Amino acid sequence: AFVFEKPEEGWSGLINESAILMASNRGSGDFFGYSVAIDMDLIAVGARGEDEVSAQAGTVYVFEKPEDGWSGALEEDAKLNPGIVGSGPTYLGHSVDVQGNVVVAGGLLGTVNGVTQIGRVNVYVEPATGWSGTLTETAALAASDGQTSDRLGVSVAISGSTIAVGAYQEEAPGSNNN
């Protein structure tokens, strides 16, 4: 993932990156950078194919702006793991958003209450000790009527105390439409 900062002369012409963000445990097929989000000095990068926890469980990497600024090659401050993992892929990090000290990450194939591929969204709140090490979710969001293949978490957004989540294969009650 690349960080670009606005030059003094503004957004014009060809601009090169200020920093390159990398996972400390990078591997082939991780899809690092599949999703990215930024708020102030915090960047979250999704790697939906990362398999440290289990095959394609996914991980979100958190980067805090160093004191000397976004510069050079940087590795994450924290890794956000998917928590509950079912028998198949979770794809945590398919979608990600950040606001203040909260990171929201979608795993569109996540498991909820033993139902696989329903989709799951994890909420991570920065611990008192800061973004460091490997962390698991503070809360998990799930649809009350969730069913296999709903794909909850295909997209996520946070604003204030509200989180919106997409589920592109969820059928509306009483219909056959998605």
# chains A, B, ... in the order shown; residues from 1 in each chain; ligands from 1
>>> select_by_dssp(residues="chain A", states="strand (DSSP E or B)", output="PyMOL selection string")
chain A and resi 2-3+19-22+32-39+42-47+58-64+72-75+78-80+92-99+102-107+112+115+119-125+133-135+139-141+152-159+162-167
>>> closest_residue(among="A:Asn101, A:Tyr34, A:Leu92, A:Asn25", to="Asn122 of chain A", atoms="only C-alpha atoms")
A:Leu92
>>> atom_distance(atom1="atom CA of Ala143 of chain A", atom2="atom CA of Phe32 of chain A")
27.0 Å
>>> atom_distance(atom1="atom CA of Gly110 of chain A", atom2="atom CA of Val60 of chain A")
14.3 Å
>>> closest_residue(among="A:Val62, A:Met40, A:Ala19, A:Val154", to="Gln117 of chain A", atoms="only C-alpha atoms")
A:Val154
>>> closest_residue(among="A:Gly119, A:Gly33, A:Gly153, A:Gly27", to="Phe2 of chain A", atoms="only C-alpha atoms")
A:Gly33
>>> residues_around(residues="segment 36-38 of chain A", least_positions_apart="5", cutoff="12 Å", atoms="only C-alpha atoms", output="count of residues only")
36
>>> atom_distance(atom1="atom CA of Glu5 of chain A", atom2="atom CA of Asp39 of chain A")
13.4 Å
>>> closest_residue(among="A:Val115, A:Val123, A:Leu42, A:Ile163", to="Thr90 of chain A", atoms="only C-alpha atoms")
A:Val115
